[in-house]
Amino acid sequence: MSNTDLAQWQNAFIATVFAHNAPASQDGMSIYRNNLVLTHQASLMSVFPHTTELLADGFKAAAYRYLNEYGKVHFDWAEIGANFADFLTQQPELQRYPYISDLAQYEWLFHQANRAPRKVLQQRSIELLQQQDWQTLYLDLAPGFGLCSSDFDVVAMTDTHSYEAHFTPLPDPLMWVCWRPALAPRSERIAAQWHLLYQSAASASLAQLAEIGRINQLDWLVWLEHLMRQQQLFGVFQHQSITQQES
């Protein structure tokens with residue numbers, strides 16, 4: 001059974017467990033339902049410890065509703081929080097507290113960086129810059145490289161546990177990058193002038209990044225040097241589909 005088939009089977013079983021017309025006399029089903037709910041809650045708490053703390057007494061109800069609406073869409077318990085931040089955004093009772101879903105978004109990003117497969121730094125790949133057309137070259141970014149933004153300093157919330165001190169929206173949104181240079185994930189606030197380049201880093205070719213820098217009067221080579229210094233960049237690679245089309 002493939003991972004996809006397993007996830008689909010688990011979802012079908014969960015739907016049966018939570019069916020409103022399930023026979024009440026099935027004690028085994030009731031026990032499984034309780035174990036499922038508790039395991040689901042524990043998994044969310046491990047991924048979203050700060051969000052859980054902010055939700056306080058409302059966490060269990062939110063987790064139960066999330067399980068009912070999304071099911072267990074992945075065979076791996078550590079992946080069940082993929083839609084949790086979006087789910088929190090959609091809850092009417094949390095509209096007054098947008099920092100909660102933003103915090104969940106950041107915690108999920110950090111969690112994903114922590115679980116990302118290991119990469120080896122490809123120093124010699126830099127030679128491609130002298131050998132290949134930059135239209136075909138792309139950045140090989142660090143494991144778990146991902147971005148999030150918020151009108152609240154959600155990173156300060158996690159670092160200091162001083163949640164209330166950061167409940168006031170900031171004049172300008174902040175953006176962070178998460179990545180894992182070695183064994184432990186890291187995050188860094190991105191300077192405003194680099195937002196466009198970071199947002200394009202995972203999808204744009206080197207030629208496109210250089211053009212973004214030119215149009216916006218940014219020294220994109222300084223940005224590239226920063227990526228290398230912070231080990232956010234593990235090398236460059238040539239896009240295979242482009243080279244095949246050219247050949």
# chains A, B, ... in the order shown; residues from 1 in each chain; ligands from 1
$ closest_atom_pairs --of "segment 186-237 of chain A" --to "segment 165-181 of chain A" --cutoff "9 Å" --atoms "only C-alpha atoms" --output "tab-separated table"
residue	atom	partner	partner_atom	distance
A:Arg186	CA	A:Trp179	CA	5.5
A:Ser187	CA	A:Cys178	CA	4.3
A:Glu188	CA	A:Trp176	CA	5.4
A:Arg189	CA	A:Trp176	CA	4.4
A:Ile190	CA	A:Trp176	CA	5.4
A:Ala191	CA	A:Met175	CA	8.0
A:Ala192	CA	A:Leu174	CA	7.9
A:His195	CA	A:Met175	CA	7.4
A:Tyr198	CA	A:Val177	CA	8.2
A:Gln230	CA	A:Pro181	CA	7.9
A:Gln231	CA	A:Pro181	CA	5.5
A:Gln232	CA	A:Trp179	CA	6.6
A:Leu233	CA	A:Pro181	CA	8.8
A:Phe234	CA	A:Pro181	CA	8.8
$ write_last_selection --atoms "N, CA, C and O atoms" --output "PDB file, in the first residue's frame"
ATOM      1  N   ARG A 186      16.796  27.386  11.632  1.00  0.00           N
ATOM      2  CA  ARG A 186      16.996  28.773  12.036  1.00  0.00           C
ATOM      3  C   ARG A 186      15.964  29.646  11.342  1.00  0.00           C
ATOM      4  O   ARG A 186      15.338  29.234  10.363  1.00  0.00           O
ATOM      5  N   SER A 187      15.813  30.858  11.842  1.00  0.00           N
ATOM      6  CA  SER A 187      14.971  31.840  11.157  1.00  0.00           C
ATOM      7  C   SER A 187      15.664  33.194  11.223  1.00  0.00           C
ATOM      8  O   SER A 187      16.476  33.449  12.117  1.00  0.00           O
ATOM      9  N   GLU A 188      15.338  34.047  10.263  1.00  0.00           N
ATOM     10  CA  GLU A 188      15.952  35.362  10.186  1.00  0.00           C
ATOM     11  C   GLU A 188      14.933  36.348   9.624  1.00  0.00           C
ATOM     12  O   GLU A 188      14.220  36.033   8.663  1.00  0.00           O
ATOM     13  N   ARG A 189      14.872  37.520  10.242  1.00  0.00           N
ATOM     14  CA  ARG A 189      14.021  38.561   9.677  1.00  0.00           C
ATOM     15  C   ARG A 189      14.685  39.119   8.423  1.00  0.00           C
ATOM     16  O   ARG A 189      15.877  39.411   8.419  1.00  0.00           O
ATOM     17  N   ILE A 190      13.895  39.269   7.368  1.00  0.00           N
ATOM     18  CA  ILE A 190      14.413  39.724   6.083  1.00  0.00           C
ATOM     19  C   ILE A 190      14.290  41.240   5.993  1.00  0.00           C
ATOM     20  O   ILE A 190      13.215  41.806   6.229  1.00  0.00           O
ATOM     21  N   ALA A 191      15.375  41.889   5.652  1.00  0.00           N
ATOM     22  CA  ALA A 191      15.351  43.339   5.453  1.00  0.00           C
ATOM     23  C   ALA A 191      14.383  43.677   4.326  1.00  0.00           C
ATOM     24  O   ALA A 191      14.301  42.958   3.321  1.00  0.00           O
ATOM     25  N   ALA A 192      13.661  44.767   4.486  1.00  0.00           N
ATOM     26  CA  ALA A 192      12.585  45.123   3.547  1.00  0.00           C
ATOM     27  C   ALA A 192      13.062  45.180   2.103  1.00  0.00           C
ATOM     28  O   ALA A 192      12.345  44.767   1.179  1.00  0.00           O
ATOM     29  N   HIS A 195      12.891  41.783   0.153  1.00  0.00           N
ATOM     30  CA  HIS A 195      11.662  40.990   0.103  1.00  0.00           C
ATOM     31  C   HIS A 195      11.423  40.386  -1.286  1.00  0.00           C
ATOM     32  O   HIS A 195      11.129  39.191  -1.419  1.00  0.00           O
ATOM     33  N   TYR A 198      13.852  37.505  -2.080  1.00  0.00           N
ATOM     34  CA  TYR A 198      13.550  36.294  -1.316  1.00  0.00           C
ATOM     35  C   TYR A 198      12.291  35.612  -1.841  1.00  0.00           C
ATOM     36  O   TYR A 198      12.222  34.378  -1.924  1.00  0.00           O
ATOM     37  N   GLN A 230      25.033  32.953   5.233  1.00  0.00           N
ATOM     38  CA  GLN A 230      24.092  32.393   6.206  1.00  0.00           C
ATOM     39  C   GLN A 230      23.782  30.925   5.946  1.00  0.00           C
ATOM     40  O   GLN A 230      22.983  30.328   6.649  1.00  0.00           O
ATOM     41  N   GLN A 231      24.404  30.345   4.933  1.00  0.00           N
ATOM     42  CA  GLN A 231      24.155  28.965   4.507  1.00  0.00           C
ATOM     43  C   GLN A 231      22.686  28.746   4.154  1.00  0.00           C
ATOM     44  O   GLN A 231      22.117  27.685   4.390  1.00  0.00           O
ATOM     45  N   GLN A 232      22.086  29.771   3.555  1.00  0.00           N
ATOM     46  CA  GLN A 232      20.746  29.631   2.995  1.00  0.00           C
ATOM     47  C   GLN A 232      20.827  29.144   1.549  1.00  0.00           C
ATOM     48  O   GLN A 232      19.834  28.705   0.981  1.00  0.00           O
ATOM     49  N   LEU A 233      22.018  29.231   0.992  1.00  0.00           N
ATOM     50  CA  LEU A 233      22.270  28.781  -0.384  1.00  0.00           C
ATOM     51  C   LEU A 233      23.261  27.627  -0.345  1.00  0.00           C
ATOM     52  O   LEU A 233      24.331  27.746   0.233  1.00  0.00           O
ATOM     53  N   PHE A 234      22.877  26.501  -0.980  1.00  0.00           N
ATOM     54  CA  PHE A 234      23.732  25.317  -0.995  1.00  0.00           C
ATOM     55  C   PHE A 234      24.383  25.087  -2.347  1.00  0.00           C
ATOM     56  O   PHE A 234      25.102  24.108  -2.539  1.00  0.00           O
TER      57      PHE A 234
END
$ residues_around --residues "Thr52 of chain A" --least-positions-apart "2" --cutoff "12 Å" --atoms "only C-alpha atoms" --output "PyMOL selection string"
chain A and resi 41-50+54-63+84-85+88+100-101+103-104+107+158
$ residues_around --residues "segment 217-225 of chain A" --least-positions-apart "5" --cutoff "8 Å" --atoms "only C-alpha atoms" --output "list of chain:residue names"
A:Gln193, A:Trp194, A:Leu197, A:Leu209, A:Ala210, A:Ile212
$ closest_residue --among "A:Leu139, A:Met228, A:Met157, A:Cys148" --to "Ala204 of chain A" --atoms "only C-alpha atoms"
A:Leu139
$ closest_residue --among "A:Asn83, A:Thr39, A:Thr51, A:Thr89" --to "Tyr66 of chain A" --atoms "only C-alpha atoms"
A:Asn83
$ closest_residue --among "A:Leu128, A:Leu196, A:Ala156, A:Leu109" --to "Gly144 of chain A" --atoms "only C-alpha atoms"
A:Leu109
$ closest_residue --among "A:Glu53, A:Gln91, A:Asn35, A:Ile80" --to "Arg65 of chain A" --atoms "only C-alpha atoms"
A:Gln91
$ closest_residue --among "A:Phe237, A:Phe87, A:Tyr99, A:Trp77" --to "Ser150 of chain A" --atoms "only C-alpha atoms"
A:Tyr99
